[in-house]
$ cat work34.txt   # compact mmCIF, C-alpha atoms and all ligand atoms
# COMPACT_ATOMS: atom_id res chain seq x y z
CA MET A 1 127.26 109.65 121.55
CA VAL A 2 127.03 112.91 123.48
CA ILE A 3 123.94 114.49 122.00
CA GLU A 4 124.43 118.04 123.22
CA TYR A 5 127.75 118.37 121.38
CA ARG A 6 126.40 117.40 117.96
CA PRO A 7 124.53 120.25 116.26
CA VAL A 8 122.84 117.82 113.90
CA TRP A 9 119.96 115.70 115.07
CA ALA A 10 116.77 113.88 114.09
CA ASP A 11 113.57 114.95 115.80
CA VAL A 12 111.34 111.90 116.08
CA ASP A 13 107.80 113.02 116.80
CA LEU A 14 106.05 110.28 118.75
CA ASP A 15 102.68 112.04 118.51
CA ARG A 16 102.92 111.80 114.75
CA LEU A 17 103.77 108.12 115.04
CA TRP A 18 100.60 107.57 117.03
CA HIS A 19 98.61 109.76 114.67
CA ASN A 20 99.74 107.46 111.85
CA VAL A 21 98.68 104.38 113.80
CA LYS A 22 95.24 105.92 114.23
CA VAL A 23 94.98 106.81 110.52
CA ALA A 24 95.74 103.17 109.66
CA GLN A 25 93.39 101.81 112.31
CA ALA A 26 90.54 103.98 111.02
CA HIS A 27 91.16 102.49 107.59
CA ILE A 28 91.15 98.82 108.60
CA GLY A 29 88.27 98.75 111.05
CA LYS A 30 88.44 95.70 113.29
CA LYS A 31 91.66 94.26 111.88
CA GLN A 32 94.78 94.77 113.96
CA ILE A 33 98.07 96.45 113.22
CA ILE A 34 101.37 94.65 113.61
CA PRO A 35 103.98 97.43 113.71
CA VAL A 36 107.06 96.46 111.74
CA VAL A 37 110.04 97.65 113.78
CA LYS A 38 112.90 95.93 111.98
CA ALA A 39 116.08 97.83 111.12
CA ASN A 40 115.95 99.85 114.35
CA ALA A 41 112.32 100.79 113.61
CA TYR A 42 113.36 101.96 110.14
CA GLY A 43 116.03 104.09 111.78
CA HIS A 44 113.71 105.74 114.31
CA GLY A 45 115.07 103.90 117.37
CA VAL A 46 113.41 100.58 118.08
CA ILE A 47 113.36 100.77 121.86
CA GLU A 48 111.97 104.29 121.98
CA VAL A 49 109.39 103.58 119.28
CA MET A 50 108.28 100.34 120.90
CA THR A 51 108.20 101.89 124.38
CA TRP A 52 105.77 104.49 123.07
CA LEU A 53 103.63 101.95 121.23
CA TYR A 54 103.65 99.66 124.26
CA GLU A 55 102.51 102.56 126.45
CA LYS A 56 99.66 103.03 123.98
CA GLY A 57 98.63 99.40 124.37
CA ILE A 58 100.34 97.62 121.47
CA ARG A 59 101.59 94.18 122.51
CA TYR A 60 102.78 92.61 119.28
CA CYS A 61 105.34 93.62 116.65
CA ALA A 62 107.40 92.20 113.81
CA VAL A 63 111.11 92.25 113.11
CA VAL A 64 113.08 90.42 110.49
CA MET A 65 115.90 88.74 112.40
CA LEU A 66 116.71 87.03 115.66
CA GLN A 67 119.22 89.67 116.71
CA GLU A 68 116.47 92.32 116.53
CA ALA A 69 114.05 90.12 118.44
CA LEU A 70 116.59 89.60 121.22
CA GLU A 71 117.19 93.34 121.57
CA LEU A 72 113.45 93.87 121.97
CA ARG A 73 113.02 90.97 124.37
CA ALA A 74 115.63 92.44 126.73
CA ALA A 75 113.45 95.55 127.06
CA PHE A 76 109.96 93.99 126.80
CA PRO A 77 109.62 90.66 128.61
CA ASP A 78 105.98 90.09 127.58
CA LEU A 79 105.89 91.55 124.07
CA GLY A 80 104.77 89.27 121.23
CA ILE A 81 107.53 89.32 118.62
CA LEU A 82 107.33 87.80 115.16
CA ILE A 83 110.60 87.13 113.35
CA MET A 84 109.47 87.43 109.73
CA GLY A 85 112.78 86.50 108.11
CA SER A 86 115.05 83.51 108.24
CA VAL A 87 115.86 81.48 111.32
CA ARG A 88 118.53 78.78 111.41
CA PRO A 89 117.68 75.36 112.86
CA GLN A 90 120.38 75.83 115.50
CA ASP A 91 118.56 78.98 116.69
CA LEU A 92 115.25 77.23 117.44
CA GLU A 93 116.25 76.72 121.06
CA ILE A 94 116.78 80.41 121.72
CA CYS A 95 113.56 81.28 119.83
CA SER A 96 111.69 78.80 121.99
CA ARG A 97 113.23 80.13 125.20
CA HIS A 98 112.24 83.70 124.35
CA GLN A 99 108.81 82.74 123.00
CA PHE A 100 109.36 84.37 119.64
CA ASP A 101 106.96 83.62 116.82
CA ILE A 102 109.04 82.36 113.94
CA SER A 103 108.31 82.07 110.26
CA ILE A 104 108.33 78.57 108.82
CA TYR A 105 109.16 79.19 105.19
CA HIS A 106 110.76 76.04 103.82
CA LYS A 107 110.95 72.29 104.38
CA PRO A 108 114.34 72.12 106.15
CA LEU A 109 113.09 74.54 108.81
CA LEU A 110 109.74 72.75 109.05
CA ASP A 111 111.55 69.47 109.64
CA ALA A 112 113.80 71.05 112.24
CA ALA A 113 110.78 72.55 114.02
CA LYS A 114 109.00 69.20 113.94
CA ALA A 115 112.02 67.44 115.44
CA PHE A 116 112.66 70.17 118.00
CA ASN A 117 112.24 69.21 121.59
CA GLY A 118 110.41 72.17 123.15
CA PRO A 119 107.59 74.68 122.65
CA LEU A 120 107.64 76.70 119.43
CA LYS A 121 105.29 79.36 118.09
CA CYS A 122 105.11 79.28 114.33
CA HIS A 123 103.65 81.34 111.49
CA LEU A 124 103.47 79.56 108.17
CA LYS A 125 104.91 81.63 105.33
CA VAL A 126 103.24 81.23 101.98
CA ASP A 127 104.85 82.55 98.83
CA THR A 128 102.04 83.94 96.69
CA GLY A 129 104.29 85.62 94.14
CA MET A 130 107.05 87.57 95.86
CA ALA A 131 109.37 84.60 95.27
CA ARG A 132 111.33 85.33 98.42
CA TYR A 133 110.57 83.24 101.53
CA GLY A 134 107.67 80.79 101.70
CA PHE A 135 106.09 77.59 100.47
CA VAL A 136 104.78 77.82 96.91
CA GLU A 137 102.98 74.60 96.02
CA THR A 138 99.55 73.87 97.50
CA ALA A 139 100.53 70.32 98.49
CA ASP A 140 103.60 71.62 100.36
CA ILE A 141 101.57 74.31 102.11
CA LEU A 142 98.89 71.82 103.22
CA ASP A 143 101.55 69.41 104.36
CA ALA A 144 103.36 72.10 106.36
CA ALA A 145 100.09 73.29 107.92
CA LYS A 146 99.30 69.71 108.93
CA THR A 147 102.67 69.41 110.65
CA LEU A 148 102.11 72.68 112.51
CA MET A 149 98.58 71.61 113.52
CA THR A 150 99.50 68.15 114.72
CA SER A 151 102.87 68.58 116.40
CA PRO A 152 102.07 68.80 120.10
CA HIS A 153 105.01 71.08 120.94
CA ILE A 154 104.12 73.54 118.18
CA GLU A 155 101.61 76.33 118.59
CA TRP A 156 100.38 77.35 115.14
CA THR A 157 99.96 81.07 115.68
CA GLY A 158 99.72 82.46 112.17
CA ILE A 159 99.87 82.28 108.42
CA PHE A 160 101.11 85.05 106.17
CA SER A 161 102.33 86.16 102.80
CA HIS A 162 103.82 89.35 101.37
CA PHE A 163 102.98 91.62 98.43
CA ALA A 164 105.59 92.22 95.75
CA THR A 165 103.93 95.17 94.00
CA ALA A 166 101.60 96.77 96.56
CA ASP A 167 102.76 100.24 95.52
CA GLU A 168 102.49 99.67 91.78
CA ASP A 169 101.00 96.79 89.80
CA GLU A 170 97.42 96.35 90.98
CA GLN A 171 96.78 93.23 88.90
CA PHE A 172 99.66 91.37 90.48
CA VAL A 173 98.35 92.34 93.92
CA TYR A 174 94.95 90.86 93.08
CA ARG A 175 96.64 87.70 91.86
CA GLN A 176 98.45 87.39 95.18
CA ILE A 177 95.26 88.02 97.17
CA LYS A 178 93.44 85.41 95.10
CA ARG A 179 96.19 82.87 95.63
CA PHE A 180 96.34 83.52 99.39
CA VAL A 181 92.57 83.12 99.75
CA GLU A 182 92.69 79.96 97.63
CA VAL A 183 95.26 78.52 100.04
CA LEU A 184 93.38 79.62 103.15
CA THR A 185 90.11 78.08 102.00
CA GLN A 186 91.78 74.70 101.50
CA LEU A 187 93.12 74.52 105.03
CA PRO A 188 91.12 72.37 107.46
CA GLU A 189 91.61 74.98 110.16
CA LEU A 190 93.09 78.44 110.43
CA PRO A 191 95.48 79.95 112.97
CA PRO A 192 94.50 83.10 114.90
CA MET A 193 96.69 85.52 112.92
CA ILE A 194 96.30 85.79 109.15
CA HIS A 195 98.13 88.63 107.42
CA LEU A 196 99.18 89.78 104.01
CA ALA A 197 99.21 93.56 103.58
CA ASN A 198 102.07 95.98 104.14
CA SER A 199 101.57 99.77 104.11
CA ALA A 200 100.72 100.37 100.47
CA GLY A 201 98.74 97.11 100.37
CA THR A 202 96.74 98.23 103.38
CA PHE A 203 95.92 101.71 102.19
CA ARG A 204 95.20 100.65 98.62
CA PHE A 205 93.37 97.36 99.14
CA GLU A 206 92.11 97.07 102.70
CA PRO A 207 89.55 96.58 104.11
CA ASP A 208 88.85 94.35 101.10
CA ILE A 209 91.47 91.66 101.61
CA PRO A 210 89.34 88.70 102.68
CA MET A 211 89.99 86.38 105.60
CA THR A 212 92.92 88.37 107.04
CA THR A 213 93.00 89.47 110.66
CA HIS A 214 96.08 91.73 110.75
CA VAL A 215 98.18 94.09 108.62
CA ARG A 216 101.94 94.57 108.94
CA LEU A 217 102.83 98.25 108.80
CA GLY A 218 106.24 99.85 108.60
CA LEU A 219 106.67 102.76 106.22
CA SER A 220 103.25 104.36 106.78
CA LEU A 221 103.64 104.35 110.56
CA TYR A 222 106.78 106.39 110.04
CA GLY A 223 104.79 108.77 107.88
CA CYS A 224 105.67 107.95 104.28
CA VAL A 225 103.64 106.08 101.70
CA ASN A 226 104.90 104.94 98.38
CA MET A 227 101.63 104.71 96.52
CA PRO A 228 99.67 106.64 93.92
CA ASP A 229 97.17 109.29 95.04
CA PRO A 230 94.99 109.53 97.01
CA LYS A 231 97.50 109.15 99.80
CA PRO A 232 96.41 108.65 103.41
CA PRO A 233 96.91 111.60 105.79
CA VAL A 234 99.94 110.16 107.56
CA ARG A 235 102.64 112.59 108.70
CA GLN A 236 106.39 112.18 108.41
CA VAL A 237 107.61 111.29 111.90
CA THR A 238 111.24 112.35 111.57
CA ARG A 239 112.71 115.74 110.85
CA LEU A 240 116.46 115.67 110.15
CA ARG A 241 117.92 118.99 111.22
CA GLY A 242 121.25 120.73 111.51
CA ALA A 243 122.74 123.98 112.72
CA ILE A 244 124.76 126.18 110.39
CA SER A 245 128.43 125.95 111.29
CA GLN A 246 129.80 128.64 108.98
CA ILE A 247 128.58 131.30 106.55
CA LYS A 248 130.99 132.48 103.88
CA LEU A 249 131.14 134.51 100.71
CA LEU A 250 131.95 132.70 97.48
CA LYS A 251 133.05 135.33 95.01
CA GLN A 252 132.00 135.18 91.37
CA GLY A 253 134.12 132.56 89.59
CA GLU A 254 135.32 130.87 92.79
CA CYS A 255 134.59 127.18 93.23
CA LEU A 256 134.00 125.06 96.30
CA GLY A 257 134.45 121.61 97.83
CA TYR A 258 135.96 118.36 96.63
CA GLY A 259 136.50 118.41 92.90
CA GLN A 260 135.71 122.16 92.91
CA SER A 261 132.54 121.06 91.12
CA TYR A 262 130.43 124.08 91.91
CA CYS A 263 131.52 127.58 90.86
CA ALA A 264 129.72 130.78 91.75
CA GLY A 265 128.08 132.53 88.80
CA GLN A 266 128.07 135.74 90.86
CA ASP A 267 129.00 136.64 94.42
CA GLU A 268 127.11 134.12 96.54
CA ILE A 269 126.56 133.39 100.23
CA ILE A 270 127.23 129.82 101.25
CA ALA A 271 126.25 128.07 104.50
CA LEU A 272 127.95 124.94 105.77
CA VAL A 273 126.01 122.31 107.71
CA PRO A 274 128.07 119.69 109.59
CA ILE A 275 126.28 116.65 108.17
CA GLY A 276 127.45 114.46 105.34
CA TYR A 277 127.47 111.04 103.80
CA ALA A 278 128.73 109.42 107.01
CA ASP A 279 125.39 110.50 108.47
CA GLY A 280 123.43 108.92 105.65
CA ILE A 281 123.16 111.82 103.20
CA ARG A 282 124.35 110.04 100.11
CA ARG A 283 126.85 111.79 97.81
CA ALA A 284 124.34 111.29 95.03
CA TYR A 285 121.95 113.55 96.95
CA ARG A 286 123.93 116.58 95.75
CA ASP A 287 122.12 119.46 94.08
CA HIS A 288 118.87 118.82 95.90
CA GLN A 289 117.26 121.21 98.38
CA VAL A 290 116.88 121.93 102.07
CA ALA A 291 114.54 124.24 103.98
CA ILE A 292 115.45 127.07 106.33
CA ASN A 293 112.64 128.87 108.13
CA GLY A 294 110.18 127.21 105.76
CA ARG A 295 111.96 128.49 102.63
CA ILE A 296 113.73 126.28 100.13
CA TYR A 297 117.46 126.68 99.39
CA PRO A 298 119.62 124.67 96.98
CA MET A 299 122.51 122.47 98.02
CA VAL A 300 125.63 123.09 95.97
CA GLY A 301 128.88 121.23 95.39
CA ALA A 302 129.88 117.74 96.43
CA ILE A 303 128.55 116.35 99.71
CA CYS A 304 131.48 115.65 102.04
CA MET A 305 131.69 112.91 104.64
CA ASP A 306 130.87 115.41 107.41
CA ALA A 307 129.54 118.56 105.76
CA LEU A 308 127.42 119.93 102.96
CA PHE A 309 127.04 123.35 101.32
CA ILE A 310 123.89 125.41 100.85
CA LYS A 311 123.49 128.53 98.76
CA ILE A 312 121.63 130.96 101.01
CA ASP A 313 120.66 134.62 101.00
CA ASP A 314 121.27 137.36 103.51
CA SER A 315 118.06 136.59 105.41
CA VAL A 316 119.73 133.46 106.82
CA SER A 317 121.90 133.76 109.93
CA LEU A 318 124.18 131.47 111.93
CA ASP A 319 121.34 130.95 114.42
CA ASP A 320 119.01 129.38 111.87
CA VAL A 321 118.34 125.68 111.71
CA VAL A 322 118.41 123.74 108.46
CA ASP A 323 115.80 121.08 107.76
CA ILE A 324 117.47 118.47 105.62
CA TYR A 325 114.27 116.42 105.59
CA GLY A 326 111.12 117.82 107.12
CA ASP A 327 107.68 118.98 106.06
CA VAL A 328 108.95 121.25 103.26
CA VAL A 329 111.53 118.92 101.71
CA THR A 330 110.23 115.51 102.69
CA MET A 331 111.84 112.09 102.66
CA ASP A 332 109.57 111.26 99.74
CA ASP A 333 111.02 114.27 97.86
CA ALA A 334 114.51 113.07 98.71
CA ALA A 335 113.67 109.59 97.46
CA LEU A 336 112.40 111.01 94.20
CA HIS A 337 115.61 112.98 93.71
CA LEU A 338 117.68 109.86 94.31
CA ASP A 339 115.43 107.57 92.29
CA THR A 340 114.90 105.41 95.36
CA THR A 341 112.30 104.95 98.10
CA ALA A 342 111.71 106.60 101.46
CA TYR A 343 112.62 103.21 103.04
CA GLU A 344 116.20 103.79 101.99
CA ILE A 345 116.23 107.45 103.02
CA MET A 346 115.02 106.80 106.57
CA THR A 347 117.05 103.68 107.27
CA ALA A 348 120.20 105.38 105.95
CA ILE A 349 120.31 108.04 108.70
CA SER A 350 123.31 106.74 110.54
CA LEU A 351 123.75 106.14 114.24
CA ARG A 352 126.09 109.14 114.37
CA VAL A 353 122.96 111.33 114.20
CA PRO A 354 121.42 111.66 117.66
CA ARG A 355 117.66 111.03 117.83
CA ARG A 356 115.60 113.44 119.94
CA TYR A 357 112.18 112.17 120.94
CA VAL A 358 109.57 114.90 120.92
CA LYS A 359 105.82 115.02 121.16
CA GLY A 360 103.95 117.41 118.88
CA ASP A 361 104.37 121.03 119.89
CA SER A 362 107.37 120.35 122.09
CA ARG A 363 109.62 120.12 119.07
C1 LIG B 1 107.52 90.71 105.27
C2 LIG B 1 107.27 92.17 105.45
N1 LIG B 1 106.09 92.56 105.94
C3 LIG B 1 105.80 93.86 106.14
C4 LIG B 1 106.71 94.85 105.82
C5 LIG B 1 106.34 96.28 106.04
O1 LIG B 1 106.21 96.94 104.82
P1 LIG B 1 105.91 98.50 104.75
O2 LIG B 1 107.10 99.16 105.35
O3 LIG B 1 105.76 98.77 103.30
O4 LIG B 1 104.68 98.74 105.53
C6 LIG B 1 107.95 94.49 105.29
C7 LIG B 1 108.90 95.53 104.92
O5 LIG B 1 109.70 95.46 104.06
C8 LIG B 1 108.24 93.11 105.11
O6 LIG B 1 109.41 92.71 104.61

$ encode --input "work34.txt" --output "structure tokens"
Amino acid sequence: MVIEYRPVWADVDLDRLWHNVKVAQAHIGKKQIIPVVKANAYGHGVIEVMTWLYEKGIRYCAVVMLQEALELRAAFPDLGILIMGSVRPQDLEICSRHQFDISIYHKPLLDAAKAFNGPLKCHLKVDTGMARYGFVETADILDAAKTLMTSPHIEWTGIFSHFATADEDEQFVYRQIKRFVEVLTQLPELPPMIHLANSAGTFRFEPDIPMTTHVRLGLSLYGCVNMPDPKPPVRQVTRLRGAISQIKLLKQGECLGYGQSYCAGQDEIIALVPIGYADGIRRAYRDHQVAINGRIYPMVGAICMDALFIKIDDSVSLDDVVDIYGDVVTMDDAALHLDTTAYEIMTAISLRVPRRYVKGDSR
């Protein structure tokens, strides 16, 4: 991708990323943050994000799959990397070789780890209600913990669980906390890392989640939080921007784009931006808004694969830059319009969009 020839780009503000780390750290006191950098750091660029966090002193992170862990390992030989998702028994050798922490979440993997002939770092995954990965029954959890404690080639590095409703149902969150604590108190010993909360869980329920040592943060580090007010003062890290490629007049009664689905009620000025659904702006995003020079303008017509239309006024010129998502129309606003979450908005920005790494005022 030749960045300078694509007049559409995502500004990723690393200062904001660090600001968000500090906001979270202030909230959790002595507990530590595990940055979640799966899915290419939620679309922000995993190597660039991790390079910045590493420079700032962070030495541990979480991804969801082996492929992501390997990409990070190639760039960071001494970084602690937890693979939170599934690992196949045949991949234990490569996990061992690269010193990844893996999640032991069911009996077949526990048995494979026990039988494995080499050092392994393991976090025990407990299912406290999410019903995704993890051991459910107390007897199975205690049994798995015993295996991890007593197998000489295994280093028991952590135990964790995951909230299902951190951004909504408070009662279910408390049930999960209660269950996790119940499990922890029955264990004869505890590993060094104990973690449960994601972003919404952290900002809504920490520092009152007992016995935990770490939180796993993704969304909030990237500046969005899907939780009721009061929201923490995190700042959206990415601004998705585009130049205007054409300005045209749409005369009253004329229609535009695929399906001719938008027709001008009067003479209107239309700007084209060369970004479309192949860049991650879903077709369903039509009829929402963008910002130009801090002012809001409506999108009109169908979103094309490589372009979208904006109804502008005569104060806008070809030299202006359009903020598709920024501080005026945020990713949270976009998520609301699409009846989805900011997770989907940020991870959808495709690799065709060049990322520009900026720091604060330099953008
Ligand atoms: C197991 C696990 N932990 C932590 C996170 C981070 O969650 P959030 O992005 O809400 O902080 C995720 C993200 O989906 C996850 O799957």

$ closest_atom_pairs --input "work34.txt" --of "segment 42-124 of chain A" --to "segment 351-354 of chain A" --cutoff "12 Å" --atoms "all atoms listed in the file" --output "Markdown table"
| residue | atom | partner | partner_atom | distance |
| --- | --- | --- | --- | --- |
| A:Tyr42 | CA | A:Leu351 | CA | 11.9 |
| A:Gly43 | CA | A:Leu351 | CA | 8.4 |
| A:His44 | CA | A:Leu351 | CA | 10.0 |
| A:Gly45 | CA | A:Leu351 | CA | 9.5 |

$ closest_atom_pairs --input "work34.txt" --of "chain A" --to "ligand LIG 1 (chain B)" --cutoff "7 Å" --atoms "all atoms listed in the file" --output "tab-separated table"
residue	atom	partner	partner_atom	distance
A:Val36	CA	B:LIG1	C5	5.7
A:Met84	CA	B:LIG1	C1	5.9
A:His162	CA	B:LIG1	C1	5.5
A:Asn198	CA	B:LIG1	O4	4.0
A:Ser199	CA	B:LIG1	O4	3.6
A:Ala200	CA	B:LIG1	O3	6.0
A:Arg216	CA	B:LIG1	C3	4.8
A:Leu217	CA	B:LIG1	O4	3.8
A:Gly218	CA	B:LIG1	O2	3.4
A:Leu219	CA	B:LIG1	O2	3.7
A:Ser220	CA	B:LIG1	O4	5.9

$ atom_distance --input "work34.txt" --atom1 "atom CA of Ala284 of chain A" --atom2 "atom CA of Val64 of chain A"
28.3 Å

$ atom_distance --input "work34.txt" --atom1 "atom CA of Ala302 of chain A" --atom2 "atom CA of Ala39 of chain A"
28.3 Å

$ residues_around --input "work34.txt" --residues "Lys125 of chain A" --least-positions-apart "4" --cutoff "10 Å" --atoms "only C-alpha atoms" --output "PyMOL selection string"
chain A and resi 84-85+102-106+133-136+141+144-145+158-162+195

$ write_last_selection --input "work34.txt" --atoms "C-alpha atoms" --output "PDB file, keeping the file's coordinate frame"
ATOM      1  CA  MET A  84     109.470  87.430 109.730  1.00  0.00           C
ATOM      2  CA  GLY A  85     112.780  86.500 108.110  1.00  0.00           C
ATOM      3  CA  ILE A 102     109.040  82.360 113.940  1.00  0.00           C
ATOM      4  CA  SER A 103     108.310  82.070 110.260  1.00  0.00           C
ATOM      5  CA  ILE A 104     108.330  78.570 108.820  1.00  0.00           C
ATOM      6  CA  TYR A 105     109.160  79.190 105.190  1.00  0.00           C
ATOM      7  CA  HIS A 106     110.760  76.040 103.820  1.00  0.00           C
ATOM      8  CA  TYR A 133     110.570  83.240 101.530  1.00  0.00           C
ATOM      9  CA  GLY A 134     107.670  80.790 101.700  1.00  0.00           C
ATOM     10  CA  PHE A 135     106.090  77.590 100.470  1.00  0.00           C
ATOM     11  CA  VAL A 136     104.780  77.820  96.910  1.00  0.00           C
ATOM     12  CA  ILE A 141     101.570  74.310 102.110  1.00  0.00           C
ATOM     13  CA  ALA A 144     103.360  72.100 106.360  1.00  0.00           C
ATOM     14  CA  ALA A 145     100.090  73.290 107.920  1.00  0.00           C
ATOM     15  CA  GLY A 158      99.720  82.460 112.170  1.00  0.00           C
ATOM     16  CA  ILE A 159      99.870  82.280 108.420  1.00  0.00           C
ATOM     17  CA  PHE A 160     101.110  85.050 106.170  1.00  0.00           C
ATOM     18  CA  SER A 161     102.330  86.160 102.800  1.00  0.00           C
ATOM     19  CA  HIS A 162     103.820  89.350 101.370  1.00  0.00           C
ATOM     20  CA  HIS A 195      98.130  88.630 107.420  1.00  0.00           C
TER      21      HIS A 195
END

$ axis_aligned_box --input "work34.txt" --around "segment 297-313 of chain A" --padding-each-side "3 Å" --output "AutoDock Vina command-line options"
--center_x 124.6 --center_y 123.8 --center_z 101.4 --size_x 20.2 --size_y 27.7 --size_z 18.0

$ residues_near_point --input "work34.txt" --point "(102.1, 108.4, 118.8)" --cutoff "9 Å" --atoms "all atoms listed in the file" --output "list in words"
Asp13, Leu14, Asp15, Arg16, Leu17, Trp18, His19, Asn20, Val21, Lys22, Val49, Trp52, Leu53, Lys56 and Lys359 of chain A

$ residues_around --input "work34.txt" --residues "segment 336-349 of chain A" --least-positions-apart "5" --cutoff "9 Å" --atoms "all atoms listed in the file" --output "list in words"
Ala10, Ala39, Asn40, Ala41, Tyr42, Gly43, His44, Leu219, Tyr222, Cys224, Val225, Asn226, Thr238, Leu240, Ala278, Asp279, Gly280, Ile281, Arg282, Ala284, Tyr285, His288 and Met331 of chain A

$ build_atoms --input "work34.txt" --residues "segment 166-172 of chain A" --atoms "all heavy atoms" --output "PDB file, in the coordinates of the input"
ATOM      1  N   ALA A 166     102.723  96.061  95.925  1.00  0.00           N
ATOM      2  CA  ALA A 166     101.600  96.770  96.560  1.00  0.00           C
ATOM      3  C   ALA A 166     101.558  98.246  96.159  1.00  0.00           C
ATOM      4  O   ALA A 166     100.498  98.854  96.129  1.00  0.00           O
ATOM      5  CB  ALA A 166     101.719  96.659  98.068  1.00  0.00           C
ATOM      6  N   ASP A 167     102.719  98.813  95.850  1.00  0.00           N
ATOM      7  CA  ASP A 167     102.760 100.240  95.520  1.00  0.00           C
ATOM      8  C   ASP A 167     102.664 100.489  94.019  1.00  0.00           C
ATOM      9  O   ASP A 167     102.716 101.618  93.585  1.00  0.00           O
ATOM     10  CB  ASP A 167     104.054 100.857  96.074  1.00  0.00           C
ATOM     11  CG  ASP A 167     105.292 100.033  95.720  1.00  0.00           C
ATOM     12  OD1 ASP A 167     105.131  98.850  95.347  1.00  0.00           O
ATOM     13  OD2 ASP A 167     106.401 100.570  95.803  1.00  0.00           O
ATOM     14  N   GLU A 168     102.546  99.434  93.225  1.00  0.00           N
ATOM     15  CA  GLU A 168     102.490  99.670  91.780  1.00  0.00           C
ATOM     16  C   GLU A 168     101.454  98.796  91.078  1.00  0.00           C
ATOM     17  O   GLU A 168     100.295  99.189  90.957  1.00  0.00           O
ATOM     18  CB  GLU A 168     103.879  99.541  91.150  1.00  0.00           C
ATOM     19  CG  GLU A 168     104.731  98.457  91.818  1.00  0.00           C
ATOM     20  CD  GLU A 168     106.196  98.468  91.425  1.00  0.00           C
ATOM     21  OE1 GLU A 168     106.519  98.905  90.315  1.00  0.00           O
ATOM     22  OE2 GLU A 168     107.020  97.983  92.224  1.00  0.00           O
ATOM     23  N   ASP A 169     101.841  97.587  90.677  1.00  0.00           N
ATOM     24  CA  ASP A 169     101.000  96.790  89.800  1.00  0.00           C
ATOM     25  C   ASP A 169      99.804  96.170  90.552  1.00  0.00           C
ATOM     26  O   ASP A 169      99.932  95.198  91.273  1.00  0.00           O
ATOM     27  CB  ASP A 169     101.863  95.684  89.169  1.00  0.00           C
ATOM     28  CG  ASP A 169     101.092  94.823  88.203  1.00  0.00           C
ATOM     29  OD1 ASP A 169      99.864  94.990  88.087  1.00  0.00           O
ATOM     30  OD2 ASP A 169     101.720  93.972  87.556  1.00  0.00           O
ATOM     31  N   GLU A 170      98.630  96.765  90.302  1.00  0.00           N
ATOM     32  CA  GLU A 170      97.420  96.350  90.980  1.00  0.00           C
ATOM     33  C   GLU A 170      97.021  94.910  90.622  1.00  0.00           C
ATOM     34  O   GLU A 170      96.595  94.130  91.469  1.00  0.00           O
ATOM     35  CB  GLU A 170      96.316  97.312  90.536  1.00  0.00           C
ATOM     36  CG  GLU A 170      95.172  97.444  91.489  1.00  0.00           C
ATOM     37  CD  GLU A 170      94.222  98.530  91.010  1.00  0.00           C
ATOM     38  OE1 GLU A 170      94.601  99.708  91.060  1.00  0.00           O
ATOM     39  OE2 GLU A 170      93.107  98.175  90.585  1.00  0.00           O
ATOM     40  N   GLN A 171      97.204  94.567  89.359  1.00  0.00           N
ATOM     41  CA  GLN A 171      96.780  93.230  88.900  1.00  0.00           C
ATOM     42  C   GLN A 171      97.561  92.132  89.612  1.00  0.00           C
ATOM     43  O   GLN A 171      96.999  91.098  89.968  1.00  0.00           O
ATOM     44  CB  GLN A 171      97.014  93.125  87.400  1.00  0.00           C
ATOM     45  CG  GLN A 171      96.023  93.939  86.629  1.00  0.00           C
ATOM     46  CD  GLN A 171      95.769  93.354  85.262  1.00  0.00           C
ATOM     47  OE1 GLN A 171      96.633  92.680  84.703  1.00  0.00           O
ATOM     48  NE2 GLN A 171      94.593  93.599  84.724  1.00  0.00           N
ATOM     49  N   PHE A 172      98.850  92.377  89.803  1.00  0.00           N
ATOM     50  CA  PHE A 172      99.660  91.370  90.480  1.00  0.00           C
ATOM     51  C   PHE A 172      99.236  91.239  91.948  1.00  0.00           C
ATOM     52  O   PHE A 172      99.219  90.150  92.514  1.00  0.00           O
ATOM     53  CB  PHE A 172     101.154  91.698  90.370  1.00  0.00           C
ATOM     54  CG  PHE A 172     102.035  90.526  90.691  1.00  0.00           C
ATOM     55  CD1 PHE A 172     102.153  89.468  89.801  1.00  0.00           C
ATOM     56  CD2 PHE A 172     102.719  90.455  91.901  1.00  0.00           C
ATOM     57  CE1 PHE A 172     102.947  88.357  90.106  1.00  0.00           C
ATOM     58  CE2 PHE A 172     103.516  89.349  92.211  1.00  0.00           C
ATOM     59  CZ  PHE A 172     103.632  88.296  91.313  1.00  0.00           C
TER      60      PHE A 172
END
